[in-house]
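Undergrad: The structure file input00.csv (CSV, C-alpha atoms) is provided below.
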chain,number,residue,atom,x,y,z
T,17,MET,CA,71.7,47.1,83.6
T,18,LEU,CA,73.4,50.4,84.2
T,19,SER,CA,71.0,53.3,84.8
T,20,PHE,CA,71.9,57.0,84.6
T,21,ASP,CA,71.5,57.5,88.3
T,22,ASN,CA,73.9,54.7,89.1
T,23,LEU,CA,76.4,55.9,86.4
T,24,VAL,CA,76.5,59.3,88.0
T,25,ARG,CA,77.0,57.8,91.5
T,26,ILE,CA,79.9,55.6,90.2
T,27,ALA,CA,81.5,58.7,88.6
T,28,LYS,CA,81.1,60.7,91.8
T,29,GLU,CA,82.7,57.9,93.8
T,30,GLN,CA,85.7,58.0,91.5
T,31,HIS,CA,85.8,61.9,91.8
T,32,ALA,CA,85.3,62.2,88.0
T,33,SER,CA,84.7,65.5,86.4
T,34,ASP,CA,83.0,64.2,83.2
T,35,ILE,CA,81.2,61.1,81.9
T,36,HIS,CA,81.5,60.3,78.2
T,37,ILE,CA,79.1,58.0,76.3
T,38,HIS,CA,80.6,57.3,72.8
T,39,PRO,CA,78.5,55.3,70.3
T,40,ARG,CA,80.3,53.1,67.8
T,41,ALA,CA,79.1,50.7,65.1
T,42,GLN,CA,79.0,47.6,67.3
T,43,GLY,CA,78.2,49.2,70.7
T,44,ALA,CA,79.0,52.1,72.9
T,45,ASP,CA,82.0,53.0,75.2
T,46,ILE,CA,81.4,54.7,78.6
T,47,SER,CA,84.4,56.5,80.0
T,48,VAL,CA,85.0,58.9,82.9
T,49,ARG,CA,87.5,61.8,83.2
T,50,VAL,CA,89.4,61.6,86.5
T,51,GLN,CA,92.2,64.2,87.3
T,52,GLY,CA,92.1,65.3,83.7
T,53,ARG,CA,92.6,61.8,82.2
T,54,LEU,CA,89.9,59.8,80.4
T,55,GLN,CA,89.5,56.3,81.7
T,56,ALA,CA,87.4,53.5,80.3
T,57,LEU,CA,84.6,52.4,82.5
T,58,GLN,CA,82.6,49.8,80.6
T,59,SER,CA,81.1,49.0,77.2
T,60,CYS,CA,77.4,48.3,76.3
T,61,SER,CA,75.3,47.6,73.3
T,62,LEU,CA,73.8,50.3,71.2
T,63,THR,CA,70.3,49.4,72.6
T,64,GLU,CA,71.5,49.8,76.2
T,65,ALA,CA,73.2,53.1,75.2
T,66,GLU,CA,69.9,54.4,73.7
T,67,ARG,CA,68.1,53.4,76.8
T,68,LEU,CA,70.7,55.2,78.9
T,69,LEU,CA,70.5,58.3,76.8
T,70,ALA,CA,66.7,58.3,77.0
T,71,GLN,CA,67.1,58.5,80.8
T,72,VAL,CA,69.6,61.3,80.4
T,73,ARG,CA,67.1,63.3,78.3
T,74,VAL,CA,64.3,62.7,80.8
T,75,ALA,CA,66.5,63.7,83.8
T,76,CYS,CA,67.3,67.0,81.9
T,77,GLY,CA,63.8,67.7,80.7
T,78,LEU,CA,64.8,67.3,77.1
T,79,ASP,CA,62.7,66.1,74.1
T,80,VAL,CA,63.3,62.4,74.0
T,81,SER,CA,62.2,62.3,70.3
T,82,VAL,CA,65.1,64.5,69.1
T,83,ARG,CA,68.0,62.6,67.7
T,84,GLN,CA,69.4,64.7,64.8
T,85,LEU,CA,70.1,68.0,66.7
T,86,PRO,CA,72.5,68.9,69.5
T,87,GLN,CA,70.9,69.2,72.9
T,88,ASP,CA,72.0,70.8,76.2
T,89,GLY,CA,70.5,70.4,79.6
T,90,ARG,CA,70.9,70.2,83.3
T,91,PHE,CA,70.0,67.7,86.0
T,92,GLN,CA,69.8,67.4,89.7
T,93,LEU,CA,69.5,64.0,91.4
T,94,ALA,CA,67.7,63.4,94.7
T,95,GLU,CA,71.1,63.0,96.4
T,96,GLY,CA,72.0,66.6,95.5
T,97,ILE,CA,74.3,65.6,92.7
T,98,SER,CA,74.0,68.1,89.8
T,99,GLY,CA,75.6,68.6,86.4
T,100,ARG,CA,75.3,69.7,82.8
T,101,VAL,CA,74.7,67.5,79.8
T,102,SER,CA,75.7,67.9,76.1
T,103,LEU,CA,74.3,65.6,73.4
T,104,LEU,CA,75.7,65.6,69.9
T,105,PRO,CA,74.4,63.5,66.9
T,106,THR,CA,77.1,61.3,65.4
T,107,LEU,CA,77.3,58.6,62.7
T,108,HIS,CA,76.1,55.8,65.1
T,109,GLY,CA,73.9,57.7,67.5
T,110,SER,CA,74.1,60.5,70.0
T,111,ALA,CA,77.4,61.1,71.8
T,112,CYS,CA,76.9,62.4,75.4
T,113,VAL,CA,79.1,64.2,77.8
T,114,VAL,CA,78.0,64.8,81.4
T,115,ARG,CA,79.8,67.4,83.4
T,116,LEU,CA,79.6,66.9,87.2
T,117,PHE,CA,79.6,69.8,89.6
T,118,GLU,CA,80.9,68.1,92.7
T,119,LEU,CA,83.9,70.4,93.2
T,120,LEU,CA,81.7,73.5,92.9
T,121,SER,CA,80.4,72.8,96.4
T,122,ALA,CA,83.9,72.4,97.9
T,123,PRO,CA,84.0,74.4,101.2
T,124,SER,CA,87.4,76.2,100.6
T,125,LEU,CA,90.1,77.0,98.0
T,126,GLU,CA,92.4,74.6,99.9
T,127,VAL,CA,90.1,71.7,99.1
T,128,LEU,CA,90.7,72.5,95.4
T,129,GLY,CA,94.4,72.1,95.9
T,130,PHE,CA,95.5,75.7,96.6
T,131,SER,CA,98.1,76.1,99.4
T,132,ALA,CA,97.2,78.3,102.4
T,133,ALA,CA,99.5,81.1,101.1
T,134,GLN,CA,97.8,80.9,97.6
T,135,ALA,CA,94.3,80.9,99.1
T,136,GLN,CA,95.2,84.0,101.2
T,137,CYS,CA,96.6,85.8,98.2
T,138,LEU,CA,93.5,85.1,96.1
T,139,GLN,CA,91.1,86.2,98.9
T,140,GLN,CA,93.0,89.5,99.3
T,141,CYS,CA,92.9,90.1,95.5
T,142,VAL,CA,89.2,89.5,95.1
T,143,SER,CA,88.4,91.8,98.0
T,144,LYS,CA,89.9,94.7,96.1
T,145,PRO,CA,87.3,97.0,94.4
T,146,PHE,CA,88.8,96.7,90.8
T,147,GLY,CA,91.3,94.9,88.8
T,148,LEU,CA,91.6,92.0,86.3
T,149,VAL,CA,92.0,88.4,87.6
T,150,VAL,CA,92.8,85.7,85.0
T,151,VAL,CA,92.7,81.9,85.3
T,152,ALA,CA,94.7,80.1,82.7
T,153,GLY,CA,95.1,76.4,81.8
T,154,PRO,CA,94.2,73.8,79.2
T,155,THR,CA,90.7,72.3,78.7
T,156,GLY,CA,89.6,70.1,81.6
T,157,SER,CA,92.0,71.7,84.2
T,158,GLY,CA,89.2,73.2,86.3
T,159,LYS,CA,89.3,76.9,85.3
T,160,THR,CA,85.6,77.4,85.6
T,161,THR,CA,85.6,75.7,89.1
T,162,THR,CA,88.3,78.1,90.2
T,163,LEU,CA,86.5,81.1,88.8
T,164,TYR,CA,83.2,80.2,90.5
T,165,HIS,CA,85.0,79.8,93.9
T,166,LEU,CA,86.7,83.2,93.4
T,167,LEU,CA,83.3,84.8,92.6
T,168,ARG,CA,81.9,83.4,95.8
T,169,GLN,CA,84.9,84.8,97.7
T,170,ALA,CA,84.2,88.2,96.2
T,171,LYS,CA,80.6,88.3,97.4
T,172,ARG,CA,79.6,91.0,99.8
T,173,PRO,CA,76.3,92.6,100.7
T,174,ASP,CA,77.3,95.8,99.0
T,175,ARG,CA,78.4,94.2,95.7
T,176,VAL,CA,76.5,93.3,92.6
T,177,LEU,CA,77.9,90.1,90.9
T,178,LEU,CA,77.2,89.5,87.2
T,179,THR,CA,78.4,86.7,84.9
T,180,LEU,CA,78.6,86.1,81.2
T,181,GLU,CA,79.2,82.5,80.3
T,182,ASP,CA,79.1,80.1,77.3
T,183,PRO,CA,77.4,78.0,78.6
T,184,ILE,CA,76.4,78.6,82.2
T,185,GLU,CA,78.1,75.7,84.0
T,186,ALA,CA,76.1,75.8,87.2
T,187,GLU,CA,73.8,78.1,89.1
T,188,ILE,CA,75.5,80.5,91.5
T,189,ILE,CA,72.9,81.9,93.7
T,190,GLU,CA,75.1,84.8,94.7
T,191,ALA,CA,75.3,86.2,91.1
T,192,ARG,CA,73.1,87.2,88.2
T,193,GLN,CA,74.1,84.8,85.3
T,194,THR,CA,73.7,85.4,81.6
T,195,ALA,CA,74.4,82.9,78.9
T,196,CYS,CA,75.9,83.9,75.6
T,197,ARG,CA,73.7,83.3,72.5
T,198,PRO,CA,76.0,84.0,69.5
T,199,GLU,CA,73.3,82.9,67.1
T,200,LEU,CA,71.2,85.8,68.4
T,201,GLY,CA,74.1,88.3,68.3
T,202,LEU,CA,74.8,88.0,72.1
T,203,ASP,CA,78.5,87.1,72.2
T,204,PHE,CA,81.1,87.9,74.9
T,205,ALA,CA,81.8,91.3,73.5
T,206,SER,CA,78.2,92.5,73.1
T,207,GLY,CA,77.2,90.8,76.3
T,208,LEU,CA,79.9,92.5,78.2
T,209,ARG,CA,78.7,95.9,76.9
T,210,ALA,CA,75.2,95.0,78.2
T,211,LEU,CA,76.5,93.9,81.6
T,212,LEU,CA,78.3,97.2,82.1
T,213,ARG,CA,74.9,99.0,81.9
T,214,GLN,CA,73.7,96.8,84.8
T,215,ASP,CA,75.7,98.7,87.5
T,216,PRO,CA,78.0,95.8,88.4
T,217,ASP,CA,80.7,95.7,90.9
T,218,VAL,CA,82.1,92.2,90.0
T,219,ILE,CA,82.0,90.7,86.5
T,220,LEU,CA,82.9,87.2,85.5
T,221,VAL,CA,83.5,86.7,81.8
T,222,GLY,CA,83.7,83.0,81.1
T,223,GLU,CA,86.6,83.3,78.5
T,224,ILE,CA,88.5,85.8,76.5
T,225,ARG,CA,88.6,84.5,73.0
T,226,ASP,CA,89.1,87.6,70.8
T,227,ALA,CA,90.6,91.1,70.8
T,228,GLU,CA,87.3,93.0,71.3
T,229,THR,CA,86.4,91.0,74.4
T,230,ALA,CA,90.0,91.3,75.8
T,231,GLN,CA,90.0,95.1,75.3
T,232,MET,CA,86.5,95.5,76.8
T,233,ALA,CA,87.4,93.4,79.9
T,234,VAL,CA,90.5,95.6,80.5
T,235,ARG,CA,88.4,98.8,80.1
T,236,ALA,CA,85.9,97.5,82.6
T,237,ALA,CA,88.7,96.9,85.1
T,238,LEU,CA,90.0,100.4,84.4
T,239,THR,CA,86.6,102.0,85.2
T,240,GLY,CA,86.4,100.5,88.7
T,241,HIS,CA,85.1,97.0,88.2
T,242,LEU,CA,86.6,93.7,89.5
T,243,VAL,CA,86.8,91.5,86.4
T,244,MET,CA,87.4,87.7,86.4
T,245,THR,CA,88.0,85.7,83.3
T,246,SER,CA,89.9,82.8,81.7
T,247,VAL,CA,92.3,82.4,78.8
T,248,HIS,CA,94.1,79.5,77.3
T,249,ALA,CA,97.7,79.9,78.3
T,250,ARG,CA,100.4,77.5,79.7
T,251,ASP,CA,101.4,79.6,82.7
T,252,THR,CA,101.0,83.0,84.3
T,253,VAL,CA,103.8,84.6,82.3
T,254,GLU,CA,102.2,83.5,79.0
T,255,VAL,CA,99.0,85.3,80.2
T,256,LEU,CA,100.8,88.5,79.5
T,257,TYR,CA,101.8,87.5,76.0
T,258,ARG,CA,98.3,86.2,75.2
T,259,LEU,CA,96.6,89.5,76.2
T,260,LEU,CA,99.3,91.6,74.5
T,261,ASP,CA,98.8,89.5,71.3
T,262,LEU,CA,95.0,90.3,71.5
T,263,GLY,CA,95.8,94.0,71.3
T,264,VAL,CA,95.7,95.1,74.9
T,265,PRO,CA,98.1,98.0,75.3
T,266,ALA,CA,100.9,97.3,77.8
T,267,PHE,CA,100.1,100.4,79.9
T,268,GLN,CA,96.5,99.3,80.3
T,269,LEU,CA,97.5,95.8,81.1
T,270,ALA,CA,99.9,97.0,83.7
T,271,ALA,CA,97.3,99.2,85.2
T,272,THR,CA,94.6,96.5,85.5
T,273,LEU,CA,96.1,93.0,85.7
T,274,SER,CA,96.2,92.1,89.4
T,275,LEU,CA,96.7,88.4,89.4
T,276,ALA,CA,96.8,85.2,87.3
T,277,VAL,CA,96.2,81.6,88.2
T,278,ALA,CA,97.7,78.9,86.0
T,279,GLN,CA,96.6,75.3,86.6
T,280,ARG,CA,97.2,72.0,84.9
T,281,TRP,CA,97.3,68.3,85.7
T,282,GLU,CA,100.9,67.0,86.3
T,283,HIS,CA,101.9,63.4,85.7
T,284,LEU,CA,103.5,61.7,88.7
T,285,ASN,CA,103.8,57.9,89.0
T,286,GLN,CA,101.2,56.1,87.0
T,287,PRO,CA,98.2,56.5,87.5
T,288,GLN,CA,98.8,59.2,90.1
T,289,ARG,CA,98.4,62.9,89.1
T,290,ARG,CA,98.1,66.2,90.9
T,291,LEU,CA,96.8,69.6,90.0
T,292,LYS,CA,99.8,71.9,89.5
T,293,LEU,CA,98.8,75.5,90.6
T,294,GLU,CA,100.8,78.7,90.4
T,295,ILE,CA,99.7,82.2,91.2
T,296,LEU,CA,101.4,85.3,90.0
T,297,GLN,CA,100.5,88.6,91.7
T,298,TYR,CA,101.8,91.1,89.2
T,299,PRO,CA,104.1,93.8,90.6
T,300,ASP,CA,103.4,97.5,90.6
T,301,ASN,CA,106.3,98.1,88.2
T,302,LEU,CA,104.8,95.7,85.6
T,303,PHE,CA,104.7,98.4,82.9
T,304,ASP,CA,108.5,99.1,83.4
T,305,ILE,CA,109.1,95.4,83.0
T,306,LEU,CA,107.0,95.1,79.8
T,307,GLU,CA,108.3,98.4,78.3
T,308,THR,CA,111.8,96.8,77.9
T,309,PRO,CA,111.6,94.1,75.2
T,310,VAL,CA,113.1,90.9,76.5
T,311,GLY,CA,112.8,87.2,75.8
T,312,ARG,CA,110.4,84.9,77.6
T,313,ASP,CA,113.1,83.4,79.8
T,314,VAL,CA,114.3,86.9,81.0
T,315,LEU,CA,110.7,88.0,81.6
T,316,THR,CA,110.1,84.8,83.7
T,317,GLN,CA,113.2,85.5,85.7
T,318,LYS,CA,112.0,89.0,86.5
T,319,LEU,CA,108.6,87.8,87.7
T,320,GLU,CA,109.5,84.5,89.3
T,321,GLN,CA,109.9,86.1,92.8
T,322,PHE,CA,106.2,87.0,92.6
T,323,ILE,CA,105.0,83.5,91.8
T,324,ILE,CA,103.5,81.3,94.5
T,325,SER,CA,103.4,77.6,93.6
T,326,ASN,CA,101.9,74.6,95.3
T,327,TYR,CA,104.9,72.4,94.3
Now that the file is in, can you turn its structure into structure tokens?

TA:
Amino acid sequence: MLSFDNLVRIAKEQHASDIHIHPRAQGADISVRVQGRLQALQSCSLTEAERLLAQVRVACGLDVSVRQLPQDGRFQLAEGISGRVSLLPTLHGSACVVRLFELLSAPSLEVLGFSAAQAQCLQQCVSKPFGLVVVAGPTGSGKTTTLYHLLRQAKRPDRVLLTLEDPIEAEIIEARQTACRPELGLDFASGLRALLRQDPDVILVGEIRDAETAQMAVRAALTGHLVMTSVHARDTVEVLYRLLDLGVPAFQLAATLSLAVAQRWEHLNQPQRRLKLEILQYPDNLFDILETPVGRDVLTQKLEQFIISNY
């Protein structure tokens, strides 16, 4: 019989980022996400799934009697394996997603897939006293992992590191971490205002989702802070369009935007995949480029000389 500890070990051996337990009418399916793709692992009965979910709740310190409400928790196994758990009530029982934090302990950016030139560029950027660093990519591409590594790279004895996340993925001992609580009025925008009163040097904002957060993040970068965040965009050029669409003036964007990372899983021969990474260090004349309205293709041509790719 499969236990939670053994399931996590199996997922770790396959270098999975997530485990999914999906209850159905006649049983439950267990899958793992490897290199961004969901792969079936095994099926079990609903009774076995409930037993497995009870172990998940115990490992995370959750109330085992709760079945009709969403639950979130964290766990750490004896082997040092840690992760985050989300439980959601469905028609046939609780669906569970386990996010594993194996890559957060990677010793270098190169281990994540960045080339030596890309890693050097990132390290130089996060050593600067201010600016805006954006990580872009689809869900499951590893944006948070990259942001956490950049935050660690930015750590210095004379710097205060603060984060605002929804939710907090993992504990970063180098930083003071705050979780958003929208139901209590603490969203990204209001939380960022509060963080700025904490005398920070480096701020990590988990994601820019709205115009107010985008404009506040840019203002924070303008006033001498190093701000790291993520957006949903296909590539580093689209980051510009995304922030402009959210109402950030072009002159402010040009004055603050230092660098963007775009990452996504690329299909090779089945079942092989690789993480496609590109870094765009925006040029000093970015405002002049943005001031002249051009199509996406022309804008890409003007910026492609500043892009460093790992492919």

Undergrad: What's around Ala133 of chain T at 10 Å? Count only C-alpha atoms, leave out sequence neighbours fewer than 6 positions away in its own chain, and write the answer as an MDAnalysis selection string.

TA: chainID T and resid 126 295 324:326

Undergrad: Of the residues T:Val255, T:Leu212, T:Leu306, T:Ile188, which is the one nearest to Arg168 of chain T, using only C-alpha atoms?

TA: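 Of T:Val255, T:Leu212, T:Leu306, T:Ile188, the one nearest Arg168 of chain T, counting only C-alpha atoms, is T:Ile188.
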
Undergrad: Taking (110.2, 89.3, 88.7) in the file's coordinates as the center, which residues reach within 10 Å of it, counting all atoms listed in the file, put as a PyMOL selection string?

TA: chain T and resi 296+298-299+301-302+305+314-323

Undergrad: Please tell me which residues are no farther than 8 Å from (82.0, 89.8, 81.7) in the file, counting all atoms listed in the file, and write them as a JSON list (two decimals) with C-alpha atoms, in the coordinates of the input.

TA:
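That gives us out-v9.json:
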[["chain", "number", "residue", "atom", "x", "y", "z"],
["T", 178, "LEU", "CA", 77.20, 89.50, 87.20],
["T", 179, "THR", "CA", 78.40, 86.70, 84.90],
["T", 180, "LEU", "CA", 78.60, 86.10, 81.20],
["T", 181, "GLU", "CA", 79.20, 82.50, 80.30],
["T", 204, "PHE", "CA", 81.10, 87.90, 74.90],
["T", 207, "GLY", "CA", 77.20, 90.80, 76.30],
["T", 208, "LEU", "CA", 79.90, 92.50, 78.20],
["T", 211, "LEU", "CA", 76.50, 93.90, 81.60],
["T", 219, "ILE", "CA", 82.00, 90.70, 86.50],
["T", 220, "LEU", "CA", 82.90, 87.20, 85.50],
["T", 221, "VAL", "CA", 83.50, 86.70, 81.80],
["T", 222, "GLY", "CA", 83.70, 83.00, 81.10],
["T", 233, "ALA", "CA", 87.40, 93.40, 79.90],
["T", 243, "VAL", "CA", 86.80, 91.50, 86.40],
["T", 244, "MET", "CA", 87.40, 87.70, 86.40],
["T", 245, "THR", "CA", 88.00, 85.70, 83.30]]

Undergrad: Calculate how many Å separate atom CA of Gly311 of chain T from atom CA of Pro265 of chain T, rounding to one decimal.

TA: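 According to the coordinates, atom CA of Gly311 of chain T and atom CA of Pro265 of chain T are separated by 18.2 Å.
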
Undergrad: Write out as a list in words each polymer residue whose atoms come within 10 Å of Leu54 of chain T, counting all atoms listed in the file; drop sequence neighbours fewer than 2 positions from it.

TA: Ala32, Ser33, Asp34, Ile35, His36, Ser47, Val48, Arg49, Val50, Gln51, Gly52, Ala56 and Leu57 of chain T

Undergrad: Which residues are close to segment 60-70 of chain T, i.e. within 7 Å by all atoms listed in the file, leaving aside same-chain residues fewer than 2 positions away? Reply as a list in words.

TA: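 Near neighbours after the sequence-gap exclusion: Ser19, Phe20, Pro39, Gly43, Ala44, Asp45, Gln58, Val72, Arg73, Val74 and Val80 of chain T.
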
Undergrad: By how many Å are atom CA of Tyr164 of chain T and atom CA of Pro183 of chain T apart?

TA: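 For atom CA of Tyr164 of chain T relative to atom CA of Pro183 of chain T, the distance reads 13.4 Å.
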
Undergrad: By how many Å are atom CA of Phe146 of chain T and atom CA of Gly240 of chain T apart?

TA: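 Separation of atom CA of Phe146 of chain T and atom CA of Gly240 of chain T: 5.0 Å.
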
Undergrad: Looking at only C-alpha atoms, which of T:Ala237, T:Ile184, T:Leu93, T:Leu260 is the one that sits closest to Pro145 of chain T?

TA: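 The shortest atom-to-atom distance to Pro145 of chain T comes from T:Ala237.
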
Undergrad: Select, from T:His31, T:Asn22, T:Gly109, T:Pro173, the residue with the minimum atom-to-atom distance to Arg53 of chain T, counting only C-alpha atoms.

TA: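 Comparing T:His31, T:Asn22, T:Gly109, T:Pro173 against Arg53 of chain T, the winner is T:His31.
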
Undergrad: Using all atoms listed in the file, which residue out of T:Glu307, T:Asp300, T:Glu95, T:Glu294 lies closest to Ser131 of chain T?

TA: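 Looking only at the distances to Ser131 of chain T, the closest residue turns out to be T:Glu294.
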
Undergrad: Between T:Gly99, T:Pro86, T:Gly158, T:Pro216, which has the minimum distance to Asp174 of chain T (counting only C-alpha atoms)?

TA: T:Pro216

Undergrad: Out of T:Thr252, T:Thr106, T:Gln193, T:Ser206, which residue has the shortest atom-to-atom distance to Arg312 of chain T when counting only C-alpha atoms?

TA: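 Answer, going by the shortest atom-to-atom distance: T:Thr252.
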